[in-house]
Amino acid sequence: MSGVGRTTAIALLGVRARCIEVEAHLTSQLPGFSIIGLPDTSLGEARERVRAAAANAGSPLPARRITVNLTPAAIPKRGSGFDLAIAMAVLAAAEVALDVSERTAYVGELGLDGRVRPVHGVIPMLLAAREAGIERVVLPVGNLAEARVVSGVQVVGVDSLRAAAIAGGALLPPVQVDPVLAPELPAAPAPAAELADVVGNPIGVRAVIAAAAGGHHALLLGPPGAGKTMLAERLHGILPDLDDEAALELATVRSVAGAGAASWTTRPPWEAPHHSASAVSLIGGGSGTVRPGAVSRATRGVLFLDESTNHIDQFVGPRSC
């Protein structure tokens, strides 16, 4: 006796995303749970999270051999955001949630108590789902505010695996739980100084205006106290608001960085890393999930490298001063 359940997850690849088909196969062999398809360590640990969450959601996994396949297998899958999709595919294979299909994508990390925890990078995930023709995306309620940025795809928020199973056709009574909300990163304060405050220094003022108007790099050289930092801090204030396309590009980067509901903004960003910042903090990276550095977070805005002689051997990004 065997059963197969299918649904869709979304893999985050830097600031891009890719839809992943999740297949769950149940057989009558000795009980076990394996995940194949190039998962990383945190994704491999989904076995225990899914098993405990399903038990606490009122629908324990059957005592059968469970094999979960993530395709395409050649794409690396990282992080715990696959938990909900894996659980729903298994419940579909067990004929508990009969309305689960590949046309619905599931995103979210499961806690042992069955609650669904928010994840980073929801905006690029939704963009990938929309491009792939996914009809509906089920995600944690903690990501709903962030998800409203993307139009053209139906978004459903759930607070637990039980709620997701009910939405997928499971005949379970609803249970009220306290949702897990996403912690937001503190917004980096942008300088509120006005260029009109500058008295004199007409060449420097004209250079800053030209950089803002044309989106150019600007390198300000001079002795200490000449007003270089004063001028650079006023560049941000004369930049125009971002259009919708540019704001969505910036929101994608900020979503991956964990800004949450604050990912969407029409104001150009301001990034001013300390002169002792490392190359990784400037450029970004990571051994597991890639995190944007200051250069990426300054997309469509200003990257201010004060004391730039300390940065010059590392990286000089767009619109640096």
# chains A, B, ... in the order shown; residues from 1 in each chain; ligands from 1
>>> residues_around(residues="region 73-78 of chain A", least_positions_apart="6", cutoff="8 Å", atoms="only C-alpha atoms", output="PyMOL selection string")
chain A and resi 11-12+36-43+288-289
>>> residues_around(residues="region 270-286 of chain A", least_positions_apart="6", cutoff="7 Å", atoms="only C-alpha atoms", output="ChimeraX atom specification")
/A:190,236,292-295,298,301-307,310-311,314
>>> select_by_dssp(residues="region 79-205 of chain A", states="helix (DSSP H, G or I)", output="MDAnalysis selection string")
chainID A and resid 83:93 122:131 141:147 161:167 195:197 202:205
>>> write_last_selection(atoms="N, CA and C atoms", output="compact mmCIF listing (two decimals), in the first residue's frame")
# COMPACT_ATOMS: atom_id res chain seq x y z
N ASP A 83 9.55 23.45 5.86
CA ASP A 83 8.86 22.58 6.82
C ASP A 83 7.38 22.43 6.50
N LEU A 84 6.70 23.56 6.30
CA LEU A 84 5.25 23.51 6.09
C LEU A 84 4.90 22.75 4.82
N ALA A 85 5.65 22.97 3.74
CA ALA A 85 5.38 22.26 2.49
C ALA A 85 5.59 20.77 2.64
N ILE A 86 6.63 20.36 3.35
CA ILE A 86 6.88 18.94 3.57
C ILE A 86 5.75 18.31 4.37
N ALA A 87 5.33 19.00 5.44
CA ALA A 87 4.25 18.47 6.27
C ALA A 87 2.96 18.33 5.47
N MET A 88 2.64 19.32 4.65
CA MET A 88 1.40 19.26 3.88
C MET A 88 1.46 18.18 2.80
N ALA A 89 2.63 17.96 2.20
CA ALA A 89 2.75 16.89 1.21
C ALA A 89 2.55 15.53 1.87
N VAL A 90 3.09 15.36 3.09
CA VAL A 90 2.91 14.09 3.80
C VAL A 90 1.44 13.90 4.18
N LEU A 91 0.79 14.94 4.65
CA LEU A 91 -0.63 14.83 5.01
C LEU A 91 -1.49 14.55 3.77
N ALA A 92 -1.08 15.10 2.63
CA ALA A 92 -1.80 14.80 1.39
C ALA A 92 -1.61 13.34 0.99
N ALA A 93 -0.37 12.83 1.15
CA ALA A 93 -0.13 11.42 0.82
C ALA A 93 -0.89 10.49 1.75
N VAL A 122 10.35 36.58 2.05
CA VAL A 122 9.01 36.27 1.54
C VAL A 122 8.73 37.00 0.23
N ILE A 123 9.21 38.23 0.08
CA ILE A 123 8.90 38.99 -1.14
C ILE A 123 9.48 38.32 -2.38
N PRO A 124 10.77 37.96 -2.44
CA PRO A 124 11.24 37.25 -3.64
C PRO A 124 10.57 35.89 -3.82
N MET A 125 10.15 35.25 -2.74
CA MET A 125 9.44 33.98 -2.87
C MET A 125 8.09 34.18 -3.57
N LEU A 126 7.38 35.22 -3.18
CA LEU A 126 6.08 35.49 -3.81
C LEU A 126 6.25 35.89 -5.28
N LEU A 127 7.30 36.63 -5.58
CA LEU A 127 7.56 36.99 -6.97
C LEU A 127 7.83 35.75 -7.81
N ALA A 128 8.59 34.80 -7.25
CA ALA A 128 8.85 33.55 -7.97
C ALA A 128 7.58 32.73 -8.15
N ALA A 129 6.72 32.71 -7.12
CA ALA A 129 5.46 31.98 -7.23
C ALA A 129 4.56 32.60 -8.29
N ARG A 130 4.52 33.91 -8.34
CA ARG A 130 3.69 34.58 -9.35
C ARG A 130 4.19 34.28 -10.76
N GLU A 131 5.51 34.32 -10.95
CA GLU A 131 6.06 34.03 -12.27
C GLU A 131 5.82 32.58 -12.68
N VAL A 141 1.34 33.85 9.50
CA VAL A 141 0.68 35.14 9.70
C VAL A 141 1.70 36.22 10.01
N GLY A 142 2.86 35.84 10.55
CA GLY A 142 3.90 36.81 10.84
C GLY A 142 4.51 37.42 9.61
N ASN A 143 4.28 36.84 8.44
CA ASN A 143 4.79 37.38 7.18
C ASN A 143 3.72 38.06 6.34
N LEU A 144 2.49 38.15 6.85
CA LEU A 144 1.40 38.68 6.03
C LEU A 144 1.63 40.14 5.66
N ALA A 145 2.04 40.97 6.62
CA ALA A 145 2.24 42.39 6.33
C ALA A 145 3.29 42.58 5.26
N GLU A 146 4.33 41.80 5.31
CA GLU A 146 5.39 41.86 4.30
C GLU A 146 4.90 41.36 2.95
N ALA A 147 4.04 40.34 2.96
CA ALA A 147 3.59 39.71 1.72
C ALA A 147 2.64 40.61 0.93
N LEU A 161 0.18 24.49 11.89
CA LEU A 161 0.03 23.40 10.92
C LEU A 161 -1.40 22.92 10.88
N ARG A 162 -2.08 22.94 12.01
CA ARG A 162 -3.49 22.52 12.05
C ARG A 162 -4.33 23.42 11.16
N ALA A 163 -4.11 24.73 11.23
CA ALA A 163 -4.87 25.67 10.39
C ALA A 163 -4.56 25.45 8.92
N ALA A 164 -3.29 25.16 8.60
CA ALA A 164 -2.94 24.89 7.20
C ALA A 164 -3.59 23.60 6.72
N ALA A 165 -3.65 22.60 7.58
CA ALA A 165 -4.28 21.33 7.20
C ALA A 165 -5.78 21.52 6.97
N ILE A 166 -6.42 22.31 7.83
CA ILE A 166 -7.86 22.58 7.66
C ILE A 166 -8.10 23.30 6.34
N ALA A 167 -7.23 24.29 6.03
CA ALA A 167 -7.36 25.00 4.76
C ALA A 167 -7.11 24.07 3.58
N LEU A 195 20.43 70.08 2.18
CA LEU A 195 21.52 70.70 1.43
C LEU A 195 21.45 72.22 1.51
N ALA A 196 20.27 72.74 1.75
CA ALA A 196 20.11 74.19 1.85
C ALA A 196 20.83 74.76 3.07
N ASP A 197 21.19 73.90 4.02
CA ASP A 197 21.89 74.38 5.22
C ASP A 197 23.35 74.71 4.95
N PRO A 202 30.53 76.18 -3.04
CA PRO A 202 29.66 75.98 -4.22
C PRO A 202 30.08 74.80 -5.09
N ILE A 203 31.38 74.51 -5.17
CA ILE A 203 31.84 73.40 -6.01
C ILE A 203 31.35 72.07 -5.43
N GLY A 204 31.49 71.93 -4.11
CA GLY A 204 31.02 70.71 -3.47
C GLY A 204 29.52 70.52 -3.59
N VAL A 205 28.77 71.60 -3.42
CA VAL A 205 27.32 71.53 -3.55
C VAL A 205 26.92 71.11 -4.96
>>> closest_residue(among="A:Thr7, A:Thr67, A:Gln29, A:Asn56", to="Val107 (chain A)", atoms="only C-alpha atoms")
A:Thr7
>>> closest_residue(among="A:Gly3, A:Gly258, A:Pro62, A:Gly32", to="His120 (chain A)", atoms="only C-alpha atoms")
A:Gly258
>>> residues_around(residues="Thr229 (chain A)", least_positions_apart="2", cutoff="10 Å", atoms="only C-alpha atoms", output="list in words")
Leu220, Pro224, Gly225, Ala226, Gly227, Leu231, Ala232, Glu233, Arg234, Phe304, Leu305, Asp306, Glu307 and Cys321 of chain A
>>> select_by_dssp(residues="region 15-148 of chain A", states="strand (DSSP E)", output="PDB file with N, CA and C atoms, in the first residue's frame")
ATOM      1  N   ARG A  16      17.041  35.931  -5.147  1.00  0.00           N
ATOM      2  CA  ARG A  16      16.103  35.316  -6.086  1.00  0.00           C
ATOM      3  C   ARG A  16      15.476  34.105  -5.425  1.00  0.00           C
ATOM      4  N   ALA A  17      14.445  33.559  -6.061  1.00  0.00           N
ATOM      5  CA  ALA A  17      13.777  32.376  -5.519  1.00  0.00           C
ATOM      6  C   ALA A  17      13.383  31.461  -6.663  1.00  0.00           C
ATOM      7  N   ARG A  18      13.111  30.208  -6.326  1.00  0.00           N
ATOM      8  CA  ARG A  18      12.756  29.193  -7.330  1.00  0.00           C
ATOM      9  C   ARG A  18      11.737  28.245  -6.727  1.00  0.00           C
ATOM     10  N   CYS A  19      10.689  27.972  -7.469  1.00  0.00           N
ATOM     11  CA  CYS A  19       9.679  27.033  -6.994  1.00  0.00           C
ATOM     12  C   CYS A  19      10.225  25.609  -7.031  1.00  0.00           C
ATOM     13  N   ILE A  20       9.938  24.864  -5.957  1.00  0.00           N
ATOM     14  CA  ILE A  20      10.416  23.495  -5.801  1.00  0.00           C
ATOM     15  C   ILE A  20       9.219  22.576  -5.592  1.00  0.00           C
ATOM     16  N   GLU A  21       9.151  21.498  -6.360  1.00  0.00           N
ATOM     17  CA  GLU A  21       8.084  20.513  -6.169  1.00  0.00           C
ATOM     18  C   GLU A  21       8.448  19.580  -5.017  1.00  0.00           C
ATOM     19  N   VAL A  22       7.503  19.396  -4.120  1.00  0.00           N
ATOM     20  CA  VAL A  22       7.694  18.523  -2.962  1.00  0.00           C
ATOM     21  C   VAL A  22       6.815  17.290  -3.140  1.00  0.00           C
ATOM     22  N   GLU A  23       7.443  16.124  -3.186  1.00  0.00           N
ATOM     23  CA  GLU A  23       6.729  14.856  -3.319  1.00  0.00           C
ATOM     24  C   GLU A  23       6.916  14.046  -2.045  1.00  0.00           C
ATOM     25  N   ALA A  24       5.835  13.527  -1.515  1.00  0.00           N
ATOM     26  CA  ALA A  24       5.894  12.663  -0.342  1.00  0.00           C
ATOM     27  C   ALA A  24       5.318  11.298  -0.711  1.00  0.00           C
ATOM     28  N   HIS A  25       6.091  10.257  -0.426  1.00  0.00           N
ATOM     29  CA  HIS A  25       5.690   8.893  -0.780  1.00  0.00           C
ATOM     30  C   HIS A  25       5.605   8.061   0.492  1.00  0.00           C
ATOM     31  N   LEU A  26       4.462   7.422   0.688  1.00  0.00           N
ATOM     32  CA  LEU A  26       4.235   6.575   1.860  1.00  0.00           C
ATOM     33  C   LEU A  26       4.130   5.127   1.413  1.00  0.00           C
ATOM     34  N   THR A  27       4.887   4.260   2.081  1.00  0.00           N
ATOM     35  CA  THR A  27       4.826   2.828   1.788  1.00  0.00           C
ATOM     36  C   THR A  27       4.608   2.064   3.089  1.00  0.00           C
ATOM     37  N   GLY A  32       9.924   5.026   8.895  1.00  0.00           N
ATOM     38  CA  GLY A  32      11.114   5.856   8.738  1.00  0.00           C
ATOM     39  C   GLY A  32      10.743   7.140   8.038  1.00  0.00           C
ATOM     40  N   PHE A  33      11.659   8.089   8.014  1.00  0.00           N
ATOM     41  CA  PHE A  33      11.390   9.397   7.413  1.00  0.00           C
ATOM     42  C   PHE A  33      12.704   9.873   6.802  1.00  0.00           C
ATOM     43  N   SER A  34      12.734  10.018   5.500  1.00  0.00           N
ATOM     44  CA  SER A  34      13.940  10.500   4.824  1.00  0.00           C
ATOM     45  C   SER A  34      13.580  11.610   3.852  1.00  0.00           C
ATOM     46  N   ILE A  35      14.503  12.565   3.698  1.00  0.00           N
ATOM     47  CA  ILE A  35      14.340  13.693   2.782  1.00  0.00           C
ATOM     48  C   ILE A  35      15.493  13.653   1.801  1.00  0.00           C
ATOM     49  N   ILE A  36      15.175  13.641   0.514  1.00  0.00           N
ATOM     50  CA  ILE A  36      16.190  13.614  -0.531  1.00  0.00           C
ATOM     51  C   ILE A  36      15.966  14.801  -1.461  1.00  0.00           C
ATOM     52  N   ARG A  65       6.777   4.073   6.096  1.00  0.00           N
ATOM     53  CA  ARG A  65       7.995   4.592   5.510  1.00  0.00           C
ATOM     54  C   ARG A  65       7.660   5.843   4.701  1.00  0.00           C
ATOM     55  N   ILE A  66       8.235   6.997   5.085  1.00  0.00           N
ATOM     56  CA  ILE A  66       7.944   8.274   4.432  1.00  0.00           C
ATOM     57  C   ILE A  66       9.203   8.747   3.719  1.00  0.00           C
ATOM     58  N   THR A  67       9.083   8.966   2.428  1.00  0.00           N
ATOM     59  CA  THR A  67      10.188   9.517   1.638  1.00  0.00           C
ATOM     60  C   THR A  67       9.719  10.818   0.994  1.00  0.00           C
ATOM     61  N   VAL A  68      10.447  11.892   1.246  1.00  0.00           N
ATOM     62  CA  VAL A  68      10.124  13.207   0.688  1.00  0.00           C
ATOM     63  C   VAL A  68      11.202  13.567  -0.321  1.00  0.00           C
ATOM     64  N   ASN A  69      10.787  13.898  -1.534  1.00  0.00           N
ATOM     65  CA  ASN A  69      11.711  14.262  -2.607  1.00  0.00           C
ATOM     66  C   ASN A  69      11.486  15.717  -2.993  1.00  0.00           C
ATOM     67  N   LEU A  70      12.588  16.468  -3.087  1.00  0.00           N
ATOM     68  CA  LEU A  70      12.541  17.883  -3.468  1.00  0.00           C
ATOM     69  C   LEU A  70      13.155  18.017  -4.852  1.00  0.00           C
ATOM     70  N   THR A  71      12.345  18.422  -5.830  1.00  0.00           N
ATOM     71  CA  THR A  71      12.841  18.519  -7.203  1.00  0.00           C
ATOM     72  C   THR A  71      12.661  19.947  -7.724  1.00  0.00           C
ATOM     73  N   THR A 104      -0.710  25.147  -5.074  1.00  0.00           N
ATOM     74  CA  THR A 104      -0.576  25.914  -3.839  1.00  0.00           C
ATOM     75  C   THR A 104       0.832  25.743  -3.308  1.00  0.00           C
ATOM     76  N   ALA A 105       1.490  26.853  -2.985  1.00  0.00           N
ATOM     77  CA  ALA A 105       2.830  26.817  -2.408  1.00  0.00           C
ATOM     78  C   ALA A 105       2.733  27.063  -0.909  1.00  0.00           C
ATOM     79  N   TYR A 106       3.582  26.394  -0.169  1.00  0.00           N
ATOM     80  CA  TYR A 106       3.604  26.520   1.289  1.00  0.00           C
ATOM     81  C   TYR A 106       4.992  26.990   1.727  1.00  0.00           C
ATOM     82  N   GLU A 109       8.353  27.854   8.696  1.00  0.00           N
ATOM     83  CA  GLU A 109       9.060  26.945   9.598  1.00  0.00           C
ATOM     84  C   GLU A 109       8.104  26.464  10.676  1.00  0.00           C
ATOM     85  N   LEU A 110       8.214  25.207  11.045  1.00  0.00           N
ATOM     86  CA  LEU A 110       7.344  24.623  12.051  1.00  0.00           C
ATOM     87  C   LEU A 110       8.045  24.559  13.400  1.00  0.00           C
ATOM     88  N   VAL A 116       3.369  27.854  13.207  1.00  0.00           N
ATOM     89  CA  VAL A 116       4.161  28.175  12.020  1.00  0.00           C
ATOM     90  C   VAL A 116       4.923  29.473  12.286  1.00  0.00           C
ATOM     91  N   ARG A 117       6.224  29.424  12.086  1.00  0.00           N
ATOM     92  CA  ARG A 117       7.087  30.562  12.370  1.00  0.00           C
ATOM     93  C   ARG A 117       7.456  31.281  11.075  1.00  0.00           C
ATOM     94  N   ARG A 136      -1.951  30.134  -5.265  1.00  0.00           N
ATOM     95  CA  ARG A 136      -2.096  30.534  -3.871  1.00  0.00           C
ATOM     96  C   ARG A 136      -0.833  30.198  -3.103  1.00  0.00           C
ATOM     97  N   VAL A 137      -0.469  31.068  -2.173  1.00  0.00           N
ATOM     98  CA  VAL A 137       0.686  30.831  -1.310  1.00  0.00           C
ATOM     99  C   VAL A 137       0.210  30.889   0.133  1.00  0.00           C
ATOM    100  N   VAL A 138       0.464  29.822   0.879  1.00  0.00           N
ATOM    101  CA  VAL A 138       0.126  29.744   2.300  1.00  0.00           C
ATOM    102  C   VAL A 138       1.410  30.003   3.082  1.00  0.00           C
ATOM    103  N   LEU A 139       1.358  30.997   3.959  1.00  0.00           N
ATOM    104  CA  LEU A 139       2.558  31.369   4.701  1.00  0.00           C
ATOM    105  C   LEU A 139       2.195  31.779   6.122  1.00  0.00           C
ATOM    106  N   PRO A 140       3.183  31.976   6.995  1.00  0.00           N
ATOM    107  CA  PRO A 140       2.878  32.332   8.386  1.00  0.00           C
ATOM    108  C   PRO A 140       2.199  33.700   8.498  1.00  0.00           C
TER     109      PRO A 140
END
>>> residues_around(residues="Thr252 (chain A)", least_positions_apart="3", cutoff="7 Å", atoms="only C-alpha atoms", output="ChimeraX atom specification")
/A:15,123-124,248-249,255-256
>>> write_last_selection(atoms="C-alpha atoms", output="PDB file, in the first residue's frame")
ATOM      1  CA  VAL A  15      17.840  37.551  -3.544  1.00  0.00           C
ATOM      2  CA  ILE A 123       8.903  38.987  -1.136  1.00  0.00           C
ATOM      3  CA  PRO A 124      11.235  37.251  -3.641  1.00  0.00           C
ATOM      4  CA  LEU A 248      10.078  46.456  -5.268  1.00  0.00           C
ATOM      5  CA  GLU A 249      13.711  45.738  -6.175  1.00  0.00           C
ATOM      6  CA  SER A 255      13.142  41.132   2.734  1.00  0.00           C
ATOM      7  CA  VAL A 256      16.073  38.735   2.444  1.00  0.00           C
TER       8      VAL A 256
END
>>> atom_distance(atom1="CA of Leu235 (chain A)", atom2="CA of Ser263 (chain A)")
22.0 Å
>>> atom_distance(atom1="CA of Gly157 (chain A)", atom2="CA of Ser296 (chain A)")
29.0 Å
>>> closest_residue(among="A:Ala97, A:Ala262, A:Leu13, A:Ala246", to="Leu171 (chain A)", atoms="only C-alpha atoms")
A:Ala97
>>> decode(residues="region 52-76 of chain A", atoms="N, CA, C and O atoms", output="mmCIF file, in the first residue's frame")
data_model
loop_
_atom_site.group_PDB
_atom_site.id
_atom_site.type_symbol
_atom_site.label_atom_id
_atom_site.label_comp_id
_atom_site.auth_asym_id
_atom_site.auth_seq_id
_atom_site.Cartn_x
_atom_site.Cartn_y
_atom_site.Cartn_z
ATOM 1 N N ALA A 52 6.912 16.142 15.148
ATOM 2 C CA ALA A 52 6.384 16.684 16.394
ATOM 3 C C ALA A 52 5.243 17.653 16.141
ATOM 4 O O ALA A 52 4.226 17.652 16.852
ATOM 5 N N ALA A 53 5.383 18.510 15.117
ATOM 6 C CA ALA A 53 4.332 19.476 14.812
ATOM 7 C C ALA A 53 3.039 18.780 14.391
ATOM 8 O O ALA A 53 1.937 19.193 14.779
ATOM 9 N N ALA A 54 3.150 17.721 13.604
ATOM 10 C CA ALA A 54 1.951 17.002 13.164
ATOM 11 C C ALA A 54 1.247 16.345 14.349
ATOM 12 O O ALA A 54 0.005 16.352 14.432
ATOM 13 N N ALA A 55 2.011 15.811 15.275
ATOM 14 C CA ALA A 55 1.398 15.190 16.459
ATOM 15 C C ALA A 55 0.662 16.232 17.291
ATOM 16 O O ALA A 55 -0.455 15.991 17.762
ATOM 17 N N ASN A 56 1.273 17.404 17.478
ATOM 18 C CA ASN A 56 0.630 18.451 18.271
ATOM 19 C C ASN A 56 -0.473 19.167 17.510
ATOM 20 O O ASN A 56 -1.265 19.900 18.114
ATOM 21 N N ALA A 57 -0.525 18.975 16.197
ATOM 22 C CA ALA A 57 -1.603 19.566 15.405
ATOM 23 C C ALA A 57 -2.831 18.668 15.344
ATOM 24 O O ALA A 57 -3.841 19.022 14.722
ATOM 25 N N GLY A 58 -2.764 17.505 15.975
ATOM 26 C CA GLY A 58 -3.906 16.604 15.994
ATOM 27 C C GLY A 58 -3.958 15.650 14.831
ATOM 28 O O GLY A 58 -4.961 14.962 14.633
ATOM 29 N N SER A 59 -2.890 15.570 14.045
ATOM 30 C CA SER A 59 -2.863 14.648 12.915
ATOM 31 C C SER A 59 -1.477 14.011 12.825
ATOM 32 O O SER A 59 -0.667 14.363 11.967
ATOM 33 N N PRO A 60 -1.153 13.090 13.730
ATOM 34 C CA PRO A 60 0.184 12.489 13.737
ATOM 35 C C PRO A 60 0.481 11.757 12.437
ATOM 36 O O PRO A 60 -0.422 11.235 11.774
ATOM 37 N N LEU A 61 1.760 11.738 12.071
ATOM 38 C CA LEU A 61 2.155 11.067 10.841
ATOM 39 C C LEU A 61 1.937 9.568 10.967
ATOM 40 O O LEU A 61 2.107 8.988 12.041
ATOM 41 N N PRO A 62 1.563 8.916 9.883
ATOM 42 C CA PRO A 62 1.330 7.466 9.946
ATOM 43 C C PRO A 62 2.637 6.713 10.191
ATOM 44 O O PRO A 62 3.720 7.154 9.801
ATOM 45 N N ALA A 63 2.536 5.573 10.847
ATOM 46 C CA ALA A 63 3.702 4.735 11.142
ATOM 47 C C ALA A 63 4.065 3.922 9.907
ATOM 48 O O ALA A 63 3.897 2.696 9.854
ATOM 49 N N ARG A 64 4.566 4.629 8.907
ATOM 50 C CA ARG A 64 4.932 4.011 7.635
ATOM 51 C C ARG A 64 6.257 4.604 7.156
ATOM 52 O O ARG A 64 6.777 5.550 7.748
ATOM 53 N N ARG A 65 6.777 4.073 6.096
ATOM 54 C CA ARG A 65 7.995 4.592 5.510
ATOM 55 C C ARG A 65 7.660 5.843 4.701
ATOM 56 O O ARG A 65 6.868 5.783 3.750
ATOM 57 N N ILE A 66 8.235 6.997 5.085
ATOM 58 C CA ILE A 66 7.944 8.274 4.432
ATOM 59 C C ILE A 66 9.203 8.747 3.719
ATOM 60 O O ILE A 66 10.265 8.886 4.332
ATOM 61 N N THR A 67 9.083 8.966 2.428
ATOM 62 C CA THR A 67 10.188 9.517 1.638
ATOM 63 C C THR A 67 9.719 10.818 0.994
ATOM 64 O O THR A 67 8.706 10.837 0.292
ATOM 65 N N VAL A 68 10.447 11.892 1.246
ATOM 66 C CA VAL A 68 10.124 13.207 0.688
ATOM 67 C C VAL A 68 11.202 13.567 -0.321
ATOM 68 O O VAL A 68 12.400 13.543 -0.003
ATOM 69 N N ASN A 69 10.787 13.898 -1.534
ATOM 70 C CA ASN A 69 11.711 14.262 -2.607
ATOM 71 C C ASN A 69 11.486 15.717 -2.993
ATOM 72 O O ASN A 69 10.353 16.151 -3.193
ATOM 73 N N LEU A 70 12.588 16.468 -3.087
ATOM 74 C CA LEU A 70 12.541 17.883 -3.468
ATOM 75 C C LEU A 70 13.155 18.017 -4.852
ATOM 76 O O LEU A 70 14.341 17.748 -5.047
ATOM 77 N N THR A 71 12.345 18.422 -5.830
ATOM 78 C CA THR A 71 12.841 18.519 -7.203
ATOM 79 C C THR A 71 12.661 19.947 -7.724
ATOM 80 O O THR A 71 11.714 20.631 -7.343
ATOM 81 N N PRO A 72 13.576 20.410 -8.605
ATOM 82 C CA PRO A 72 14.731 19.721 -9.176
ATOM 83 C C PRO A 72 15.799 19.427 -8.123
ATOM 84 O O PRO A 72 16.116 20.291 -7.303
ATOM 85 N N ALA A 73 16.358 18.238 -8.186
ATOM 86 C CA ALA A 73 17.317 17.814 -7.176
ATOM 87 C C ALA A 73 18.644 18.552 -7.283
ATOM 88 O O ALA A 73 19.417 18.575 -6.330
ATOM 89 N N ALA A 74 18.937 19.158 -8.444
ATOM 90 C CA ALA A 74 20.228 19.816 -8.637
ATOM 91 C C ALA A 74 20.313 21.166 -7.936
ATOM 92 O O ALA A 74 21.402 21.706 -7.778
ATOM 93 N N ILE A 75 19.172 21.725 -7.522
ATOM 94 C CA ILE A 75 19.170 23.046 -6.878
ATOM 95 C C ILE A 75 19.361 22.868 -5.381
ATOM 96 O O ILE A 75 18.628 22.098 -4.748
ATOM 97 N N PRO A 76 20.343 23.552 -4.778
ATOM 98 C CA PRO A 76 20.523 23.431 -3.327
ATOM 99 C C PRO A 76 19.306 23.974 -2.579
ATOM 100 O O PRO A 76 18.746 25.004 -2.951
#
